[in-house]
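I have placed the structure first, in the form of structure tokens, so that the comments after it can refer back to it.
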Amino acid sequence: MAITFDSVRSVATDARRARNFFRLLRQLPTVPLLIISILAFVAIFADVIAPHSKLDPVTPTSAQCTALYGAPSCPYLEGVPPFWSEGGNLNTPLGTDFLGRDVLSRLMHGARISLLVALMGTLVAGTIGTLLGVLAGYMGRWWDQVIMRVTDAWLTLPSLVFAILLLSVRGPGVWNVVLVLALVFWSRYSRAVRGEVLALRERDFVKLAEINGISKTRIIFRHLIPNVMNTVMVLFSLQVGVAVIIEASLSFLGVGVPPPEPSWGLMLAQERDAMMEGKWWLAVFPGICISLLVLSANMLGDWLRVRLDPQLRNR
Amino acid sequence: MSTPPLLRVEGLQTHYFGFGGSRVVKAVDGVSFTVEAGETFGLVGESGCGKTTTCHSIVRLLSSSAKIVGGSIELNGQNLLDLSAKEMREVRGRRIASILQDPMASLDPLFSIGNQVAEPAYYHGLLRGRPLLQRVNELLKAVRIPSPEKRLREFPHQMSGGMRQRIVGAIAQAGNPLLIIADEPTTNLDVTIQLQYLNLLKELQAATNVALIFVTHNLGIVAKMCDTVAVMYAGKIVEKQSVRGLFYKPRHPYTKALLDSIPKLGTKEPLYAVPGQPPDLSALPPGCSFHPRCAQATDRCRSEEPGDKLIDGGGMARCWQADTQSQTRAQEAVNG
Amino acid sequence: MAEPLLEVRDLKKHFRVKGARLWHSPGSVKAVDGITFTVNRGETLGLVGESGCGKTTTSKLVLAAERPTAGVIAFDGQDISALPDGQLNDYRRKVQVVFQDPFSSLSPRMRVGEIIAEPLQAHNSISRQDLETRVSELFELVGLRPDMARLFPHEFSGGQRQRLAIARALSTNSQLIVLDEPVSALDVSIRAHIIVLLEDLQERLGVSYLFIAHDLAAVSHLSQRTAVMYLGKLVEVADSLEMCTKPLHPYTKALFAASLPSHPDEKREEIVLTGEVPSALNPPTGCHFHPRCPFAMARCREEEPVLTEQSSGHTVACHLF
């Protein structure tokens with residue numbers, strides 16, 4: 001139960017808050033944040049802003065058909081290069097794939113899938129892992145033993161292989177991938193969180209709460225979890241990048257998001273041979289998208305880690 | 001022509017630069033004092049007053065965000081600020097040594113005691129081999145470590161806090177320095193161990209005539225150990241006197257307030273609580289930095305920064321209202 | 001008239017050392033080995049001693065954070081050492097603590113208003129309105145503005161945080177506050193503030209203190225009576241001023257001799273102790289202090305001295321008396 005107080009806010013406090021806010025803005029990592037914001041925006045509004053459908057081929061004009069096939073009509077235009085190359089046009093700025101689908105639109109819809117899967121998967125993994133880590137660190141004794149042995153065992157499993165195994169059992173599908181990501185990655189959180197909690201447990205304010213007879217549950221939720229959020233947030237942002245890659249790999253290998261959904265990894269997989277044929281754009285653009293997302297997530301995570309750490313030390 | 005003092009700090013200014021240069025904290029703002037050979041000089045103040053930064057400036061081991069922007073530091077007449085990094089390294093450990101507050105932080109957990117005590121002597125090329133071993137044993141004996149020959153191979157974590165601090169003292173002595181800067185060396189020690197340690201330092205001084213700069217917030221240590229005392233506040237020295245002068249006739253209101261706020265053994269005299277907080281160095285008030293907390297502040301104090309007022313018989317106080325008359329014998333008797 | 005609030009009788013706390021084998025029992029650390037003292041209502045008892053003497057364990061025992069191995073802790077006439085954990089809530093309300101470190105004793109991610117209210121909330125069901133009023137009261141009691149309740153701990157200075165810790169300790173109308181080195185981590189000029197505040201609160205509210213510290217001057221200033229601990233045992237208990245002027249036990253004398261003078265010419269009987277504090281795992285036989293005692297006799301090695309009263313209220317455990 002949070003207590004609210006009527007506070008007397010002076011002009012000086014407001015001015016100080018404003019100054020601090022702008023100071024904060026100047027220090028933000030603009031590039032990764034910008035990239036992620038754009039990707040998030042695209043993911044959310046893909047339905048609205050994508051020029052074409054993600055599943056259906058682009059309806060060609062007779063001129064285009066003639067130019068490509070020499071016939072006045074055709075079901076779709078396959079393999080149109082990006083607009084700056086010869087033969088490309090602005091209707092499909094990044095080209096089309098082997099089924100005549102617009103690459104740009106598929107990338108946009110794919111953003112939604114990649115972000116959704118990566119975020120949700122990491123979120124669920126983080127929640128499970130944090131809770132288990134707090135329990136192990138705080139309750140100690142056999143809680144610690146059991147949870148940590150399981151965590152250690154889990155950590156030794158190669159994540160990709162394990163994911164593939166799970167998915168062949170569950171079958172492909174977006175939500176199955178989320179579930180599998182959660183199952184594979186929770187152990188990283190519990191390990192880190194347990195370490196934090198072990199240290200926190202010895203701090204005076206936790207001891208004081210125990211002395212006051214406050215229930216363990218309340219201590220966990222009020223004192224421990226808020227104070228491990230720093231570590232968890234950093235871990236989270238770093239893990240999102242990993243999750244994107246794993247999802248892409250799974251789809252690449254055919255056990256993740258099933259076609260015809262435009263997962264970036266799937267697009268990469270399907271167009272492997274296209275590189276050989278010279279249709280480089282079909283593989284390169286999804287690859288660039290994956291790289292951008294992972295890099296930004298990593299940079300953000302790194303920035304968070306550096307920023308949050310000295311504050312912790314000063315406290 | 002009289003010989004120059006061992007250490008002369010003149011107008012030292014060290015500033016911290018933050019936020020890309022937009023925020024300047026004047027940690028040390030015009031500090032001047034001298035230390036003679038064999039003298040114990042006390043540097044007193046609370047957290048944030050600049051005493052630690054002054055010490056770091058003397059050995060030129062400041063963090064990357066701090067810079068010495070003015071003044072001079074002369075060791076035996078030579079300005080340390082003119083030295084190159086290599087030359088400065090030769091000064092550290094050999095001519096000026098330090099003892100810090102936390103012995104666990106000063107000792108490397110991975111190296112043996114013998115190794116660490118030998119290091120200054122070894123590094124400065126003073127001794128090798130057998131003479132080095134003998135010197136290490138001597139040093140450990142001098143700091144009263146029992147059976148030092150057996151201890152040489154032990155590690156810091158195997159020793160108690162008091163012992164560790166003594167080993168730090170031995171390391172400080174190893175290079176035969178002219179000056180030792182001790183920054184709150186007894187804060188983490190038990191009372192009886194502290195007494196042992198302070199007595200030990202006094203013995204060392206008597207034996208080697210090394211000068212000692214004792215940085216502390218504890219006026220009791222000052223009363224026991226020091227010959228001359230400088231009180232720092234907000235980056236400046238506000239009073240500097242012989243130790244007796246300081247205790248019997250403090251001239252600056254801050255010094256007086258400090259002396260009155262300390263509980264004294266054997267009496268339940270009410271304590272004087274200095275109003276206000278230690279100052280925020282990035283936002284100092286105009287005029288005298290102490291005026292917001294001073295019971296005697298006048299308008300002049302609030303607008304003009306006081307300069308150094310010399311006291312007859314030695315010493316200075318930075319206060320518009322400092323009494324500059326020297327103590328008479330009668331006053332000593334009254335206050336004693 | 002002095003009315004006892006907390007009575008501790010022959011309190012013992014032994015920690016069993018791990019590593020027991022069939023052929024070898026490593027024994028136990030006798031952190032607290034039979035101490036007896038009383039804290040009277042509205043008064044302060046000072047507890048001094050150096051590291052390893054057992055004062056921290058004593059404070060934990062008094063706070064019921066640890067259970068005694070033997071002995072009685074009686075609060076307001078009731079033996080709480082026998083009570084099961086579930087019934088200690090009332091006791092916990094009445095006995096609170098203020099820790100040394102003002103930086104780690106407040107939960108960094110909670111607003112200070114909530115932190116102060118927490119003990120109250122844990123023990124009573126109290127309406128939000130009453131809670132807010134109580135918190136504002138507490139703020140004013142310790143000299144802070146009530147509108148600061150929504151700030152976080154890191155926005156306060158060390159001295160202010162200690163005030164907050166004191167406010168929290170008072171929140172449940174506690175009768176006894178264990179002060180564990182409450183001013184050692186503060187700046188010198190701020191210490192006086194807190195000591196004056198504690199004195200003031202004692203006068204106004206009649207709260208008792210168990211003041212644990214190593215700074216003799218602060219302890220004897222705030223406490224009416226002082227007790228000295230060495231290696232798990234009490235060696236001397238007396239009125240504070242009398243102890244300063246007439247310490248009887250050699251260890252007490254050494255402690256007072258070692259505490260720093262208040263001016264350069266103060267003459268102290270210099271007693272410099274040799275050696276270090278022995279390990280509590282293997283304390284010396286007889287009187288624990290005899291290896292370091294400048295006055296040790298043969299009897300001291302064999303027989304353990306008992307606290308005996310020398311003059312009114314002044315007890316000492318030493319064979320010299």
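Naming works like this for the structure tokens: A, B, ... for the chains as they're shown, residue 1 at the start of each chain, ligands 1 onward in shown order.
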
Define the interface residues of chain C facing chain A as those within 7 Å, counting only C-alpha atoms, and report them as a PyMOL selection string.
chain C and resi 63+65+89+92+103-107+109+114+119+122+147+150+154

For Tyr272 (chain B), list every protein, DNA or RNA residue within 7 Å, evaluated using only C-alpha atoms, and leave out those in the same chain fewer than 2 positions away; present the list as a count of residues only.
6

Neighbour list for Ile128 (chain A) as an MDAnalysis selection string, cut-off 12 Å, only C-alpha atoms, skip fewer than 6 positions in-chain:
chainID A and resid 121:122 134:135 147 151 179 181:191 193 232

Based on only C-alpha atoms, which of the residues in chain B come within 7 Å of chain C? I want them as JSON, numbers by chain.
{"B": [46, 47, 190, 191, 192, 195, 196, 217, 220, 221, 223, 224, 244, 247, 258, 261, 262, 263, 264, 265, 266, 267, 268, 271, 272, 273, 274]}

Excluding Lys55 (chain C) and its own-chain neighbours fewer than 4 positions away, which residues fall within 8 Å of it when counting only C-alpha atoms? Please give them as a PDB file with C-alpha atoms, in the first residue's frame.
ATOM      1  CA  LEU C  47      27.741  -0.812  26.540  1.00  0.00           C
ATOM      2  CA  VAL C  48      31.370  -0.429  25.538  1.00  0.00           C
ATOM      3  CA  GLY C  49      33.953  -2.862  24.362  1.00  0.00           C
ATOM      4  CA  SER C  59      22.288  -6.331  20.754  1.00  0.00           C
ATOM      5  CA  ILE C 212      26.431   0.428  22.213  1.00  0.00           C
ATOM      6  CA  MET C 229      32.450  -5.987  28.016  1.00  0.00           C
ATOM      7  CA  GLY C 232      31.798 -12.167  26.130  1.00  0.00           C
TER       8      GLY C 232
END

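Counting only C-alpha atoms, Val161 (chain A) has the following residues at most 12 Å away, ignoring those fewer than 6 positions along the same chain: Leu167, Ser168, Val180, Leu181, Val184, Ile246, Ser249, Leu250, Leu253 and Val255 of chain A.
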
How about saving the chosen residues, C-alpha atoms kept, as a compact mmCIF listing (two decimals), in the first residue's frame?
# COMPACT_ATOMS: atom_id res chain seq x y z
CA LEU A 167 10.45 -26.94 -30.54
CA SER A 168 10.47 -30.25 -32.34
CA VAL A 180 10.89 -22.03 -25.58
CA LEU A 181 12.91 -18.82 -25.24
CA VAL A 184 15.97 -21.72 -22.25
CA ILE A 246 18.09 -17.30 -31.35
CA SER A 249 18.33 -19.01 -36.00
CA LEU A 250 15.38 -21.17 -35.09
CA LEU A 253 16.55 -23.80 -39.26
CA VAL A 255 11.73 -24.96 -36.35

Using only C-alpha atoms, the residue out of B:Gly235, B:Ser84, B:Arg251, B:Glu36 with shortest distance to Ser289 (chain B) is B:Gly235

Among region 110-230 of chain C, which ones does DSSP place in alpha helix (DSSP H), written as a PyMOL selection string?
chain C and resi 112-123+128-141+158-170+188-205+216-222

Go ahead and save the picked residues with C-alpha atoms, as a PDB file, in the first residue's frame.
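Below you can see part-v5.pdb, which holds the result:
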ATOM      1  CA  VAL C 112      11.146   7.697   3.429  1.00  0.00           C
ATOM      2  CA  GLY C 113       7.576   8.167   4.563  1.00  0.00           C
ATOM      3  CA  GLU C 114       6.902   4.526   3.783  1.00  0.00           C
ATOM      4  CA  ILE C 115      10.132   3.423   5.388  1.00  0.00           C
ATOM      5  CA  ILE C 116       9.260   5.117   8.642  1.00  0.00           C
ATOM      6  CA  ALA C 117       5.758   3.743   8.585  1.00  0.00           C
ATOM      7  CA  GLU C 118       6.801   0.195   7.907  1.00  0.00           C
ATOM      8  CA  PRO C 119       7.153  -1.081  11.490  1.00  0.00           C
ATOM      9  CA  LEU C 120       3.828   0.473  12.314  1.00  0.00           C
ATOM     10  CA  GLN C 121       2.174  -1.144   9.344  1.00  0.00           C
ATOM     11  CA  ALA C 122       3.697  -4.502  10.074  1.00  0.00           C
ATOM     12  CA  HIS C 123       2.260  -4.675  13.546  1.00  0.00           C
ATOM     13  CA  ARG C 128      -4.117   5.366   6.010  1.00  0.00           C
ATOM     14  CA  GLN C 129      -5.220   8.625   7.520  1.00  0.00           C
ATOM     15  CA  ASP C 130      -3.891   7.771  10.961  1.00  0.00           C
ATOM     16  CA  LEU C 131      -0.705   6.520   9.406  1.00  0.00           C
ATOM     17  CA  GLU C 132      -0.065   9.779   7.616  1.00  0.00           C
ATOM     18  CA  THR C 133      -0.711  11.767  10.747  1.00  0.00           C
ATOM     19  CA  ARG C 134       1.598   9.580  12.750  1.00  0.00           C
ATOM     20  CA  VAL C 135       4.364   9.869  10.167  1.00  0.00           C
ATOM     21  CA  SER C 136       4.101  13.657  10.138  1.00  0.00           C
ATOM     22  CA  GLU C 137       4.283  13.634  13.921  1.00  0.00           C
ATOM     23  CA  LEU C 138       7.398  11.528  13.829  1.00  0.00           C
ATOM     24  CA  PHE C 139       9.059  13.767  11.296  1.00  0.00           C
ATOM     25  CA  GLU C 140       8.545  16.782  13.485  1.00  0.00           C
ATOM     26  CA  LEU C 141       9.718  14.896  16.519  1.00  0.00           C
ATOM     27  CA  GLY C 158      23.958  11.337   6.640  1.00  0.00           C
ATOM     28  CA  GLY C 159      22.750  13.160   9.717  1.00  0.00           C
ATOM     29  CA  GLN C 160      19.238  13.471   8.337  1.00  0.00           C
ATOM     30  CA  ARG C 161      19.131   9.772   7.521  1.00  0.00           C
ATOM     31  CA  GLN C 162      20.068   8.938  11.052  1.00  0.00           C
ATOM     32  CA  ARG C 163      17.195  11.113  12.179  1.00  0.00           C
ATOM     33  CA  LEU C 164      14.940   9.116   9.880  1.00  0.00           C
ATOM     34  CA  ALA C 165      16.225   5.913  11.376  1.00  0.00           C
ATOM     35  CA  ILE C 166      15.435   7.272  14.829  1.00  0.00           C
ATOM     36  CA  ALA C 167      11.969   8.278  13.685  1.00  0.00           C
ATOM     37  CA  ARG C 168      11.399   4.777  12.388  1.00  0.00           C
ATOM     38  CA  ALA C 169      12.527   3.327  15.702  1.00  0.00           C
ATOM     39  CA  LEU C 170      10.047   5.537  17.522  1.00  0.00           C
ATOM     40  CA  VAL C 188      31.939  15.379  13.869  1.00  0.00           C
ATOM     41  CA  SER C 189      29.766  18.463  13.780  1.00  0.00           C
ATOM     42  CA  ILE C 190      26.666  16.391  13.061  1.00  0.00           C
ATOM     43  CA  ARG C 191      27.265  13.947  15.905  1.00  0.00           C
ATOM     44  CA  ALA C 192      26.378  16.560  18.459  1.00  0.00           C
ATOM     45  CA  HIS C 193      23.036  17.103  16.718  1.00  0.00           C
ATOM     46  CA  ILE C 194      22.101  13.471  16.994  1.00  0.00           C
ATOM     47  CA  ILE C 195      23.283  13.132  20.574  1.00  0.00           C
ATOM     48  CA  VAL C 196      21.326  16.223  21.562  1.00  0.00           C
ATOM     49  CA  LEU C 197      18.282  14.862  19.733  1.00  0.00           C
ATOM     50  CA  LEU C 198      18.543  11.543  21.535  1.00  0.00           C
ATOM     51  CA  GLU C 199      18.808  13.300  24.882  1.00  0.00           C
ATOM     52  CA  ASP C 200      15.839  15.452  24.036  1.00  0.00           C
ATOM     53  CA  LEU C 201      13.716  12.495  22.990  1.00  0.00           C
ATOM     54  CA  GLN C 202      14.543  10.621  26.136  1.00  0.00           C
ATOM     55  CA  GLU C 203      13.456  13.547  28.234  1.00  0.00           C
ATOM     56  CA  ARG C 204      10.245  14.074  26.290  1.00  0.00           C
ATOM     57  CA  LEU C 205       9.122  10.530  25.684  1.00  0.00           C
ATOM     58  CA  LEU C 216      33.838   6.267  25.452  1.00  0.00           C
ATOM     59  CA  ALA C 217      33.248   9.971  25.624  1.00  0.00           C
ATOM     60  CA  ALA C 218      29.973   9.800  23.707  1.00  0.00           C
ATOM     61  CA  VAL C 219      28.791   6.818  25.711  1.00  0.00           C
ATOM     62  CA  SER C 220      29.517   8.320  29.085  1.00  0.00           C
ATOM     63  CA  HIS C 221      27.940  11.561  27.969  1.00  0.00           C
ATOM     64  CA  LEU C 222      24.633  10.046  27.010  1.00  0.00           C
TER      65      LEU C 222
END

For region 61-65 of chain B, please output as a PyMOL selection string all residues within 8 Å (counting only C-alpha atoms; exclusion window: fewer than 5 positions along the same chain).
chain B and resi 16-18+53+56

What does the file look like for those residues with C-alpha atoms, as a PDB file, in the first residue's frame?
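Written output follows (out_6.pdb):
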ATOM      1  CA  TYR B  16      37.231  18.900  -9.848  1.00  0.00           C
ATOM      2  CA  PHE B  17      35.690  19.182 -13.276  1.00  0.00           C
ATOM      3  CA  GLY B  18      32.462  17.377 -13.951  1.00  0.00           C
ATOM      4  CA  THR B  53      42.307  16.175  -1.881  1.00  0.00           C
ATOM      5  CA  HIS B  56      46.426  13.623  -3.072  1.00  0.00           C
TER       6      HIS B  56
END

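Interatomic distance, CA of Val39 (chain C) against CA of Val178 (chain C): 10.8 Å.
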
Residues at most 8 Å from Leu248 (chain C), counting only C-alpha atoms, excluding those fewer than 5 positions away in the same chain, as JSON, numbers by chain?
{"C": [236, 243, 253, 316]}

Proximity of region 121-222 of chain B to region 85-102 of chain B: per-residue shortest pair, 6 Å limit, only C-alpha atoms, as CSV:
residue,atom,partner,partner_atom,distance
B:Ala172,CA,B:Ala97,CA,5.2
B:Gly175,CA,B:Arg94,CA,4.6
B:Pro177,CA,B:Arg95,CA,4.1
B:Leu178,CA,B:Arg95,CA,5.1
B:Leu179,CA,B:Ile96,CA,4.8
B:Ile180,CA,B:Ala97,CA,4.7
B:Ile181,CA,B:Ser98,CA,4.7
B:Ala182,CA,B:Ile99,CA,4.6
B:Asp183,CA,B:Leu100,CA,5.0
B:Glu184,CA,B:Gln101,CA,5.0
B:Pro185,CA,B:Gln101,CA,4.3

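You will find CA of Ala298 (chain C) at 15.8 Å from CA of Pro250 (chain C).
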
Check the DSSP output for the backbone and give back, as a PyMOL selection string, the residues of region 40-261 of chain B in strand (DSSP E).
chain B and resi 40-44+66-75+78-79+96-99+179-183+211-216+228-233+236-242

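Separating CA of Arg101 (chain A) from CA of Val58 (chain A) is a distance of 5.6 Å.
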